[in-house]
>>> print(open('structure34.cif').read())   # mmCIF, N, CA and C atoms
data_data
loop_
_atom_site.label_atom_id
_atom_site.label_comp_id
_atom_site.auth_asym_id
_atom_site.auth_seq_id
_atom_site.Cartn_x
_atom_site.Cartn_y
_atom_site.Cartn_z
N MET Q 21 75.70 -200.78 3.23
CA MET Q 21 75.79 -199.39 2.82
C MET Q 21 76.12 -198.52 4.04
N THR Q 22 77.05 -197.63 3.87
CA THR Q 22 77.44 -196.73 4.94
C THR Q 22 76.46 -195.56 5.00
N THR Q 23 76.02 -195.23 6.22
CA THR Q 23 75.14 -194.09 6.38
C THR Q 23 75.97 -192.82 6.50
N LEU Q 24 75.34 -191.69 6.27
CA LEU Q 24 76.01 -190.40 6.41
C LEU Q 24 76.56 -190.26 7.83
N ARG Q 25 75.78 -190.64 8.81
CA ARG Q 25 76.20 -190.53 10.20
C ARG Q 25 77.48 -191.34 10.45
N LYS Q 26 77.49 -192.61 10.03
CA LYS Q 26 78.66 -193.46 10.24
C LYS Q 26 79.88 -192.90 9.52
N LEU Q 27 79.68 -192.45 8.30
CA LEU Q 27 80.78 -191.88 7.52
C LEU Q 27 81.38 -190.67 8.22
N LEU Q 28 80.53 -189.71 8.60
CA LEU Q 28 81.03 -188.49 9.22
C LEU Q 28 81.64 -188.75 10.59
N GLU Q 29 81.00 -189.60 11.39
CA GLU Q 29 81.56 -189.90 12.71
C GLU Q 29 82.90 -190.62 12.59
N SER Q 30 83.08 -191.42 11.56
CA SER Q 30 84.37 -192.09 11.35
C SER Q 30 85.46 -191.10 10.96
N LYS Q 31 85.06 -189.93 10.46
CA LYS Q 31 86.00 -188.88 10.06
C LYS Q 31 86.18 -187.84 11.17
N GLY Q 32 85.63 -188.10 12.37
CA GLY Q 32 85.83 -187.20 13.50
C GLY Q 32 84.76 -186.15 13.69
N PHE Q 33 83.68 -186.23 12.96
CA PHE Q 33 82.57 -185.30 13.15
C PHE Q 33 81.70 -185.78 14.31
N PHE Q 34 81.01 -184.86 14.94
CA PHE Q 34 80.02 -185.22 15.93
C PHE Q 34 78.71 -184.54 15.58
N ARG Q 35 77.62 -185.11 16.05
CA ARG Q 35 76.29 -184.65 15.63
C ARG Q 35 75.63 -183.80 16.70
N ILE Q 36 74.88 -182.83 16.22
CA ILE Q 36 74.13 -181.93 17.09
C ILE Q 36 72.69 -181.90 16.56
N PRO Q 37 71.73 -182.24 17.41
CA PRO Q 37 70.34 -182.20 16.95
C PRO Q 37 69.88 -180.76 16.71
N LEU Q 38 69.08 -180.60 15.70
CA LEU Q 38 68.50 -179.30 15.36
C LEU Q 38 67.00 -179.38 15.56
N ARG Q 39 66.42 -178.27 15.97
CA ARG Q 39 64.96 -178.20 16.09
C ARG Q 39 64.44 -177.31 14.98
N LYS Q 40 63.57 -177.86 14.14
CA LYS Q 40 63.01 -177.07 13.05
C LYS Q 40 61.86 -176.23 13.59
N LEU Q 41 61.93 -174.93 13.33
CA LEU Q 41 60.90 -173.99 13.79
C LEU Q 41 59.79 -173.87 12.76
N LYS Q 42 58.68 -173.30 13.18
CA LYS Q 42 57.55 -173.08 12.27
C LYS Q 42 57.91 -172.16 11.12
N THR Q 43 58.94 -171.35 11.28
CA THR Q 43 59.39 -170.45 10.23
C THR Q 43 60.24 -171.18 9.19
N GLY Q 44 60.62 -172.43 9.48
CA GLY Q 44 61.50 -173.19 8.59
C GLY Q 44 62.95 -173.11 9.00
N HIS Q 45 63.28 -172.21 9.92
CA HIS Q 45 64.66 -172.09 10.43
C HIS Q 45 64.97 -173.25 11.37
N TYR Q 46 66.25 -173.47 11.57
CA TYR Q 46 66.69 -174.44 12.57
C TYR Q 46 67.20 -173.70 13.79
N LYS Q 47 66.86 -174.21 14.97
CA LYS Q 47 67.33 -173.64 16.22
C LYS Q 47 68.26 -174.65 16.88
N VAL Q 48 69.32 -174.14 17.52
CA VAL Q 48 70.32 -174.99 18.14
C VAL Q 48 70.67 -174.42 19.51
N GLU Q 49 70.96 -175.33 20.45
CA GLU Q 49 71.37 -174.92 21.80
C GLU Q 49 72.87 -174.70 21.83
N VAL Q 50 73.29 -173.59 22.46
CA VAL Q 50 74.70 -173.22 22.54
C VAL Q 50 75.02 -172.72 23.94
N LYS Q 51 76.29 -172.47 24.17
CA LYS Q 51 76.74 -171.76 25.37
C LYS Q 51 77.69 -170.67 24.93
N VAL Q 52 77.52 -169.50 25.51
CA VAL Q 52 78.43 -168.38 25.27
C VAL Q 52 78.93 -167.94 26.63
N ASN Q 53 80.23 -168.00 26.83
CA ASN Q 53 80.84 -167.64 28.10
C ASN Q 53 80.18 -168.39 29.27
N GLY Q 54 79.83 -169.65 29.01
CA GLY Q 54 79.26 -170.52 30.04
C GLY Q 54 77.77 -170.40 30.24
N GLU Q 55 77.11 -169.50 29.53
CA GLU Q 55 75.67 -169.28 29.69
C GLU Q 55 74.90 -169.89 28.53
N ASP Q 56 73.80 -170.56 28.84
CA ASP Q 56 72.97 -171.20 27.82
C ASP Q 56 72.27 -170.19 26.93
N GLY Q 57 72.11 -170.58 25.67
CA GLY Q 57 71.37 -169.75 24.73
C GLY Q 57 70.83 -170.57 23.59
N HIS Q 58 69.97 -169.93 22.81
CA HIS Q 58 69.40 -170.54 21.61
C HIS Q 58 69.72 -169.64 20.43
N PHE Q 59 70.27 -170.26 19.39
CA PHE Q 59 70.63 -169.54 18.18
C PHE Q 59 69.89 -170.14 16.99
N ILE Q 60 69.66 -169.32 15.99
CA ILE Q 60 69.18 -169.81 14.71
C ILE Q 60 70.41 -170.15 13.88
N LEU Q 61 70.35 -171.25 13.18
CA LEU Q 61 71.39 -171.65 12.25
C LEU Q 61 71.10 -170.96 10.93
N ASP Q 62 72.03 -170.15 10.44
CA ASP Q 62 71.77 -169.38 9.22
C ASP Q 62 72.98 -169.41 8.31
N THR Q 63 72.95 -170.30 7.32
CA THR Q 63 74.06 -170.44 6.39
C THR Q 63 74.25 -169.19 5.53
N GLY Q 64 73.22 -168.36 5.44
CA GLY Q 64 73.30 -167.14 4.64
C GLY Q 64 73.85 -165.95 5.40
N ALA Q 65 74.01 -166.08 6.71
CA ALA Q 65 74.59 -164.99 7.52
C ALA Q 65 76.10 -165.13 7.47
N SER Q 66 76.79 -164.11 7.01
CA SER Q 66 78.25 -164.21 6.89
C SER Q 66 78.94 -164.30 8.24
N SER Q 67 78.37 -163.67 9.25
CA SER Q 67 78.98 -163.65 10.58
C SER Q 67 78.00 -164.14 11.63
N SER Q 68 78.53 -164.74 12.67
CA SER Q 68 77.71 -165.13 13.82
C SER Q 68 77.39 -163.88 14.62
N CYS Q 69 76.17 -163.80 15.13
CA CYS Q 69 75.67 -162.57 15.75
C CYS Q 69 74.97 -162.86 17.06
N ILE Q 70 74.94 -161.84 17.90
CA ILE Q 70 74.18 -161.88 19.14
C ILE Q 70 73.42 -160.56 19.25
N GLY Q 71 72.21 -160.64 19.80
CA GLY Q 71 71.40 -159.45 19.97
C GLY Q 71 71.90 -158.57 21.10
N PHE Q 72 71.73 -157.26 20.93
CA PHE Q 72 72.12 -156.31 21.99
C PHE Q 72 71.52 -156.70 23.34
N SER Q 73 70.29 -157.19 23.33
CA SER Q 73 69.62 -157.50 24.58
C SER Q 73 70.22 -158.70 25.31
N SER Q 74 71.09 -159.47 24.66
CA SER Q 74 71.70 -160.64 25.28
C SER Q 74 73.14 -160.44 25.71
N VAL Q 75 73.69 -159.24 25.51
CA VAL Q 75 75.08 -158.96 25.87
C VAL Q 75 75.30 -159.18 27.37
N GLY Q 76 74.41 -158.69 28.21
CA GLY Q 76 74.53 -158.88 29.66
C GLY Q 76 74.40 -160.34 30.06
N ARG Q 77 73.48 -161.01 29.45
CA ARG Q 77 73.26 -162.44 29.74
C ARG Q 77 74.53 -163.24 29.52
N PHE Q 78 75.26 -162.94 28.44
CA PHE Q 78 76.45 -163.69 28.09
C PHE Q 78 77.75 -163.07 28.62
N ILE Q 79 77.62 -162.03 29.43
CA ILE Q 79 78.77 -161.37 30.06
C ILE Q 79 79.83 -161.01 29.01
N MET Q 80 79.43 -160.20 28.06
CA MET Q 80 80.29 -159.84 26.93
C MET Q 80 80.80 -158.42 27.06
N HIS Q 81 81.98 -158.21 26.52
CA HIS Q 81 82.57 -156.87 26.42
C HIS Q 81 82.51 -156.48 24.95
N THR Q 82 81.85 -155.36 24.67
CA THR Q 82 81.66 -154.96 23.29
C THR Q 82 82.36 -153.64 23.00
N GLU Q 83 82.59 -153.43 21.73
CA GLU Q 83 83.11 -152.14 21.28
C GLU Q 83 82.36 -151.75 20.03
N GLU Q 84 82.27 -150.46 19.79
CA GLU Q 84 81.54 -149.98 18.61
C GLU Q 84 82.22 -150.45 17.34
N SER Q 85 81.42 -150.59 16.31
CA SER Q 85 81.91 -151.01 15.01
C SER Q 85 81.34 -150.08 13.96
N GLU Q 86 82.09 -149.85 12.90
CA GLU Q 86 81.59 -149.02 11.81
C GLU Q 86 80.82 -149.84 10.79
N ILE Q 87 80.80 -151.15 10.98
CA ILE Q 87 80.09 -152.04 10.07
C ILE Q 87 78.58 -151.85 10.26
N LYS Q 88 77.86 -151.82 9.18
CA LYS Q 88 76.40 -151.76 9.22
C LYS Q 88 75.87 -153.14 8.85
N ALA Q 89 74.91 -153.62 9.61
CA ALA Q 89 74.34 -154.95 9.36
C ALA Q 89 73.09 -154.84 8.50
N ALA Q 90 72.86 -155.90 7.74
CA ALA Q 90 71.64 -156.01 6.94
C ALA Q 90 71.17 -157.45 7.01
N GLY Q 91 69.88 -157.61 7.04
CA GLY Q 91 69.31 -158.96 7.07
C GLY Q 91 67.89 -158.90 6.58
N ALA Q 92 67.25 -160.03 6.61
CA ALA Q 92 65.88 -160.13 6.09
C ALA Q 92 65.00 -159.04 6.70
N GLY Q 93 64.61 -158.09 5.89
CA GLY Q 93 63.69 -157.05 6.33
C GLY Q 93 64.33 -155.90 7.08
N ALA Q 94 65.63 -155.90 7.25
CA ALA Q 94 66.28 -154.81 7.99
C ALA Q 94 67.60 -154.47 7.31
N ILE Q 95 67.88 -153.17 7.21
CA ILE Q 95 69.14 -152.74 6.60
C ILE Q 95 69.74 -151.62 7.41
N ASN Q 96 71.03 -151.40 7.21
CA ASN Q 96 71.75 -150.26 7.77
C ASN Q 96 71.67 -150.19 9.29
N MET Q 97 71.74 -151.36 9.97
CA MET Q 97 71.64 -151.40 11.42
C MET Q 97 73.01 -151.18 12.06
N ASP Q 98 73.03 -150.39 13.14
CA ASP Q 98 74.27 -150.18 13.88
C ASP Q 98 74.71 -151.48 14.53
N THR Q 99 76.02 -151.66 14.62
CA THR Q 99 76.57 -152.87 15.22
C THR Q 99 77.68 -152.56 16.20
N HIS Q 100 77.93 -153.49 17.05
CA HIS Q 100 79.11 -153.53 17.91
C HIS Q 100 79.80 -154.85 17.61
N ILE Q 101 80.96 -155.06 18.21
CA ILE Q 101 81.67 -156.33 18.07
C ILE Q 101 82.06 -156.80 19.46
N ALA Q 102 81.99 -158.08 19.68
CA ALA Q 102 82.43 -158.67 20.95
C ALA Q 102 83.44 -159.75 20.60
N LYS Q 103 84.66 -159.58 21.08
CA LYS Q 103 85.75 -160.50 20.75
C LYS Q 103 86.10 -161.37 21.95
N ASN Q 104 86.82 -162.46 21.67
CA ASN Q 104 87.40 -163.33 22.71
C ASN Q 104 86.36 -163.96 23.63
N ASN Q 105 85.30 -164.49 23.05
CA ASN Q 105 84.27 -165.17 23.81
C ASN Q 105 84.46 -166.68 23.72
N ILE Q 106 84.08 -167.37 24.78
CA ILE Q 106 84.11 -168.83 24.77
C ILE Q 106 82.77 -169.32 24.26
N PHE Q 107 82.79 -170.06 23.17
CA PHE Q 107 81.58 -170.53 22.52
C PHE Q 107 81.61 -172.05 22.46
N SER Q 108 80.50 -172.67 22.87
CA SER Q 108 80.43 -174.13 22.76
C SER Q 108 79.08 -174.55 22.21
N ILE Q 109 79.15 -175.60 21.41
CA ILE Q 109 77.97 -176.21 20.82
C ILE Q 109 78.27 -177.69 20.75
N GLY Q 110 77.48 -178.48 21.45
CA GLY Q 110 77.80 -179.91 21.55
C GLY Q 110 79.19 -180.08 22.16
N LYS Q 111 80.02 -180.88 21.52
CA LYS Q 111 81.39 -181.12 22.00
C LYS Q 111 82.39 -180.09 21.51
N LYS Q 112 81.97 -179.21 20.61
CA LYS Q 112 82.88 -178.23 20.01
C LYS Q 112 82.98 -177.01 20.91
N VAL Q 113 84.21 -176.64 21.25
CA VAL Q 113 84.46 -175.44 22.05
C VAL Q 113 85.44 -174.57 21.30
N LYS Q 114 85.10 -173.31 21.16
CA LYS Q 114 85.99 -172.33 20.54
C LYS Q 114 86.29 -171.29 21.61
N ASN Q 115 87.57 -171.12 21.93
CA ASN Q 115 87.96 -170.26 23.04
C ASN Q 115 88.11 -168.78 22.71
N SER Q 116 88.04 -168.42 21.48
CA SER Q 116 88.21 -167.01 21.13
C SER Q 116 87.32 -166.66 19.95
N MET Q 117 86.03 -166.61 20.19
CA MET Q 117 85.08 -166.34 19.11
C MET Q 117 84.59 -164.91 19.17
N SER Q 118 84.49 -164.31 18.00
CA SER Q 118 83.96 -162.96 17.88
C SER Q 118 82.52 -163.02 17.38
N PHE Q 119 81.72 -162.08 17.84
CA PHE Q 119 80.33 -161.97 17.41
C PHE Q 119 80.05 -160.54 17.00
N VAL Q 120 79.25 -160.37 15.96
CA VAL Q 120 78.68 -159.07 15.62
C VAL Q 120 77.47 -158.90 16.53
N ILE Q 121 77.35 -157.74 17.14
CA ILE Q 121 76.24 -157.46 18.05
C ILE Q 121 75.32 -156.45 17.37
N PHE Q 122 74.06 -156.81 17.25
CA PHE Q 122 73.09 -155.86 16.69
C PHE Q 122 71.68 -156.21 17.18
N ASP Q 123 70.73 -155.40 16.82
CA ASP Q 123 69.35 -155.57 17.30
C ASP Q 123 68.68 -156.73 16.56
N LEU Q 124 68.34 -157.78 17.31
CA LEU Q 124 67.65 -158.94 16.73
C LEU Q 124 66.14 -158.84 16.90
N GLY Q 125 65.66 -157.65 17.20
CA GLY Q 125 64.23 -157.47 17.43
C GLY Q 125 63.37 -157.93 16.27
N HIS Q 126 63.80 -157.64 15.04
CA HIS Q 126 63.00 -158.03 13.87
C HIS Q 126 62.95 -159.55 13.72
N VAL Q 127 64.03 -160.25 14.10
CA VAL Q 127 64.07 -161.71 14.04
C VAL Q 127 63.10 -162.28 15.08
N ASN Q 128 63.21 -161.78 16.31
CA ASN Q 128 62.36 -162.31 17.37
C ASN Q 128 60.89 -161.93 17.20
N GLU Q 129 60.63 -160.80 16.57
CA GLU Q 129 59.25 -160.44 16.27
C GLU Q 129 58.65 -161.44 15.27
N ALA Q 130 59.42 -161.81 14.26
CA ALA Q 130 58.95 -162.80 13.29
C ALA Q 130 58.69 -164.14 13.98
N LEU Q 131 59.56 -164.51 14.91
CA LEU Q 131 59.37 -165.77 15.64
C LEU Q 131 58.12 -165.70 16.52
N SER Q 132 57.91 -164.58 17.19
CA SER Q 132 56.75 -164.47 18.08
C SER Q 132 55.44 -164.53 17.29
N GLN Q 133 55.45 -164.07 16.06
CA GLN Q 133 54.23 -164.10 15.24
C GLN Q 133 53.78 -165.53 14.93
N VAL Q 134 54.70 -166.48 15.01
CA VAL Q 134 54.33 -167.89 14.81
C VAL Q 134 54.45 -168.68 16.12
N ARG Q 135 54.44 -167.94 17.23
CA ARG Q 135 54.46 -168.51 18.58
C ARG Q 135 55.70 -169.35 18.86
N GLU Q 136 56.85 -168.88 18.40
CA GLU Q 136 58.13 -169.51 18.73
C GLU Q 136 58.83 -168.64 19.75
N ASP Q 137 59.64 -169.26 20.61
CA ASP Q 137 60.41 -168.52 21.61
C ASP Q 137 61.51 -167.71 20.94
N PRO Q 138 61.91 -166.60 21.58
CA PRO Q 138 62.97 -165.78 21.00
C PRO Q 138 64.33 -166.49 21.04
N VAL Q 139 65.23 -166.02 20.19
CA VAL Q 139 66.60 -166.51 20.17
C VAL Q 139 67.53 -165.39 20.61
N GLN Q 140 68.71 -165.76 21.05
CA GLN Q 140 69.68 -164.78 21.49
C GLN Q 140 70.71 -164.48 20.41
N GLY Q 141 70.79 -165.33 19.39
CA GLY Q 141 71.81 -165.11 18.38
C GLY Q 141 71.58 -165.91 17.11
N ILE Q 142 72.53 -165.74 16.22
CA ILE Q 142 72.54 -166.40 14.92
C ILE Q 142 73.90 -167.06 14.73
N LEU Q 143 73.90 -168.33 14.40
CA LEU Q 143 75.14 -169.05 14.10
C LEU Q 143 75.34 -168.95 12.59
N GLY Q 144 76.38 -168.22 12.19
CA GLY Q 144 76.58 -167.91 10.78
C GLY Q 144 77.65 -168.72 10.09
N ALA Q 145 77.85 -168.38 8.83
CA ALA Q 145 78.77 -169.11 7.95
C ALA Q 145 80.21 -169.06 8.43
N ASP Q 146 80.61 -168.02 9.15
CA ASP Q 146 81.99 -167.96 9.65
C ASP Q 146 82.32 -169.18 10.50
N PHE Q 147 81.47 -169.49 11.46
CA PHE Q 147 81.67 -170.64 12.34
C PHE Q 147 81.41 -171.95 11.60
N LEU Q 148 80.38 -171.99 10.78
CA LEU Q 148 80.02 -173.22 10.08
C LEU Q 148 81.13 -173.66 9.13
N LYS Q 149 81.71 -172.72 8.42
CA LYS Q 149 82.79 -173.06 7.48
C LYS Q 149 84.02 -173.55 8.24
N GLU Q 150 84.39 -172.82 9.27
CA GLU Q 150 85.56 -173.19 10.08
C GLU Q 150 85.41 -174.58 10.69
N SER Q 151 84.17 -174.95 11.03
CA SER Q 151 83.89 -176.24 11.67
C SER Q 151 83.56 -177.34 10.67
N LYS Q 152 83.71 -177.02 9.38
CA LYS Q 152 83.43 -177.99 8.32
C LYS Q 152 82.02 -178.58 8.44
N ALA Q 153 81.06 -177.72 8.73
CA ALA Q 153 79.68 -178.14 9.01
C ALA Q 153 79.04 -178.87 7.84
N VAL Q 154 78.29 -179.90 8.21
CA VAL Q 154 77.44 -180.64 7.27
C VAL Q 154 76.05 -180.66 7.90
N ILE Q 155 75.06 -180.25 7.14
CA ILE Q 155 73.69 -180.25 7.63
C ILE Q 155 72.95 -181.39 6.95
N ASP Q 156 72.38 -182.27 7.76
CA ASP Q 156 71.54 -183.35 7.26
C ASP Q 156 70.10 -182.89 7.42
N TYR Q 157 69.56 -182.30 6.36
CA TYR Q 157 68.21 -181.76 6.41
C TYR Q 157 67.16 -182.85 6.59
N GLY Q 158 67.43 -184.03 6.09
CA GLY Q 158 66.49 -185.13 6.23
C GLY Q 158 66.31 -185.59 7.66
N ARG Q 159 67.37 -185.49 8.46
CA ARG Q 159 67.32 -185.96 9.85
C ARG Q 159 67.37 -184.81 10.86
N ASN Q 160 67.42 -183.55 10.38
CA ASN Q 160 67.48 -182.37 11.25
C ASN Q 160 68.66 -182.46 12.21
N VAL Q 161 69.84 -182.65 11.62
CA VAL Q 161 71.07 -182.81 12.40
C VAL Q 161 72.18 -181.98 11.77
N LEU Q 162 73.00 -181.40 12.63
CA LEU Q 162 74.20 -180.66 12.22
C LEU Q 162 75.41 -181.48 12.63
N TYR Q 163 76.36 -181.66 11.72
CA TYR Q 163 77.62 -182.34 12.04
C TYR Q 163 78.74 -181.30 12.00
N LEU Q 164 79.60 -181.34 13.01
CA LEU Q 164 80.75 -180.44 13.10
C LEU Q 164 82.01 -181.24 13.35
N LYS Q 165 83.10 -180.70 12.88
CA LYS Q 165 84.39 -181.34 13.11
C LYS Q 165 85.24 -180.41 13.96
#
>>> encode(input="structure34.cif", output="structure tokens")
Amino acid sequence: MTTLRKLLESKGFFRIPLRKLKTGHYKVEVKVNGEDGHFILDTGASSSCIGFSSVGRFIMHTEESEIKAAGAGAINMDTHIAKNNIFSIGKKVKNSMSFVIFDLGHVNEALSQVREDPVQGILGADFLKESKAVIDYGRNVLYLK
């Protein structure tokens, strides 16, 4: 019997380990513009995002946006956009990735309440769909092509 891993790897996918948090979210290690970071994997987020407080860390150039962000427990948040960033996760490198920039304080506050470390961003459906992502919830692994 072929395993999911063997099947996907034979089709050119590679695996990325996920860490399950006490909140039930998955956390993944990434690099943005060469700098390490931790993102939450969120299939329900339409766009990948980075918190305002991490813009300097990732050496990003932002511009104002008229888009208002909404998420669990927060609505109508002001946003910026950061275009043309180098993003890498595992072996996957994207040389021109855009991120929505907004206040992730409510996310990190929820994480701190269960004694989890803060995250710098959210990996959303835009990147996951483009990368043909497959999540193996049983093994806590993300596959990307």
>>> select_by_dssp(input="structure34.cif", residues="segment 39-89 of chain Q", states="strand (DSSP E or B)", output="list in words")
Arg39, Lys40, Tyr46, Lys47, Val48, Glu49, Val50, Lys51, Val52, Glu55, Asp56, Gly57, His58, Phe59, Ile60, Leu61, Cys69, Ile70, Gly71, Thr82, Glu83, Glu84, Ser85, Glu86, Ile87, Lys88 and Ala89 of chain Q
>>> residues_around(input="structure34.cif", residues="segment 111-121 of chain Q", least_positions_apart="5", cutoff="6 Å", atoms="only N, CA and C atoms", output="NGL selection string")
:Q and (67-72 or 98-106)
>>> resolve_selection(input="structure34.cif", expression="the PyMOL selection byres ((chain Q and resi 53) around 6)", output="PyMOL selection string")
chain Q and resi 51-52+54-55+78+105-107
>>> resolve_selection(input="structure34.cif", expression="the PyMOL selection byres ((chain Q and resi 125-130) around 8)", output="list of chain:residue names")
Q:Thr43, Q:Gly71, Q:Phe72, Q:Ser73, Q:Ala92, Q:Gly93, Q:Ala94, Q:Phe122, Q:Asp123, Q:Leu124, Q:Leu131, Q:Ser132, Q:Gln133, Q:Val134, Q:Arg135, Q:Glu136, Q:Asp137, Q:Pro138, Q:Val139
>>> atom_distance(input="structure34.cif", atom1="atom CA of Gly144 of chain Q", atom2="atom CA of Thr63 of chain Q")
5.7 Å
>>> residues_around(input="structure34.cif", residues="Ala145 of chain Q", least_positions_apart="2", cutoff="6 Å", atoms="all atoms listed in the file", output="MDAnalysis selection string")
chainID Q and resid 62:68 143 147:150
>>> select_by_dssp(input="structure34.cif", residues="segment 24-154 of chain Q", states="alpha helix (DSSP H)", output="PyMOL selection string")
chain Q and resi 24-30+125-133+145-150
>>> resolve_selection(input="structure34.cif", expression="the PyMOL selection byres ((chain Q and resi 161) around 5)", output="VMD selection string")
chain Q and resid 36 to 38 155 to 156 159 to 160 162 to 163
>>> residues_around(input="structure34.cif", residues="Val48 of chain Q", least_positions_apart="4", cutoff="6.5 Å", atoms="all atoms listed in the file", output="MDAnalysis selection string")
chainID Q and resid 37:39 57:61
>>> atom_distance(input="structure34.cif", atom1="atom CA of Lys152 of chain Q", atom2="atom CA of Leu164 of chain Q")
6.0 Å
>>> closest_residue(input="structure34.cif", among="Q:Thr23, Q:Ser85, Q:Ser30, Q:Gln140", to="Asp56 of chain Q", atoms="only C-alpha atoms")
Q:Gln140
>>> atom_distance(input="structure34.cif", atom1="atom N of Gly32 of chain Q", atom2="atom C of Val50 of chain Q")
22.0 Å
>>> axis_aligned_box(input="structure34.cif", around="segment 57-73 of chain Q", padding_each_side="8 Å", output="JSON")
{"center_x": 74.1, "center_y": -164.0, "center_z": 15.2, "size_x": 25.8, "size_y": 31.3, "size_z": 37.0}
>>> decode(input="structure34.cif", residues="segment 66-80 of chain Q", atoms="N, CA, C and O atoms", output="compact mmCIF listing (two decimals), in the first residue's frame")
# COMPACT_ATOMS: atom_id res chain seq x y z
N SER Q 66 -7.89 34.44 3.89
CA SER Q 66 -7.79 34.55 2.43
C SER Q 66 -6.41 35.01 1.98
O SER Q 66 -5.94 34.61 0.92
N SER Q 67 -5.76 35.82 2.79
CA SER Q 67 -4.45 36.36 2.43
C SER Q 67 -3.42 36.07 3.51
O SER Q 67 -3.76 36.01 4.69
N SER Q 68 -2.18 35.93 3.11
CA SER Q 68 -1.09 35.79 4.07
C SER Q 68 -0.81 37.16 4.67
O SER Q 68 -0.88 38.18 3.96
N CYS Q 69 -0.51 37.19 5.96
CA CYS Q 69 -0.41 38.45 6.70
C CYS Q 69 0.82 38.47 7.58
O CYS Q 69 1.32 37.43 7.99
N ILE Q 70 1.25 39.68 7.88
CA ILE Q 70 2.33 39.91 8.83
C ILE Q 70 1.89 41.05 9.75
O ILE Q 70 1.22 41.99 9.32
N GLY Q 71 2.27 40.94 11.02
CA GLY Q 71 1.92 41.97 11.98
C GLY Q 71 2.74 43.24 11.80
O GLY Q 71 3.91 43.19 11.41
N PHE Q 72 2.12 44.38 12.09
CA PHE Q 72 2.83 45.66 12.00
C PHE Q 72 4.15 45.63 12.77
O PHE Q 72 5.15 46.15 12.34
N SER Q 73 4.15 44.96 13.92
CA SER Q 73 5.34 44.95 14.76
C SER Q 73 6.50 44.16 14.16
O SER Q 73 7.62 44.25 14.65
N SER Q 74 6.26 43.39 13.10
CA SER Q 74 7.32 42.59 12.48
C SER Q 74 7.83 43.16 11.17
O SER Q 74 8.71 42.58 10.54
N VAL Q 75 7.31 44.30 10.75
CA VAL Q 75 7.73 44.91 9.48
C VAL Q 75 9.23 45.22 9.50
O VAL Q 75 9.94 44.92 8.53
N GLY Q 76 9.73 45.79 10.58
CA GLY Q 76 11.16 46.10 10.69
C GLY Q 76 12.01 44.84 10.72
O GLY Q 76 13.07 44.78 10.10
N ARG Q 77 11.56 43.86 11.43
CA ARG Q 77 12.28 42.58 11.53
C ARG Q 77 12.51 41.97 10.16
O ARG Q 77 13.58 41.43 9.88
N PHE Q 78 11.49 42.04 9.29
CA PHE Q 78 11.57 41.43 7.97
C PHE Q 78 12.02 42.39 6.87
O PHE Q 78 12.01 42.05 5.69
N ILE Q 79 12.41 43.60 7.26
CA ILE Q 79 12.92 44.61 6.32
C ILE Q 79 11.96 44.79 5.15
O ILE Q 79 12.30 44.57 3.99
N MET Q 80 10.74 45.18 5.47
CA MET Q 80 9.68 45.30 4.47
C MET Q 80 9.38 46.76 4.16
O MET Q 80 9.50 47.62 5.02
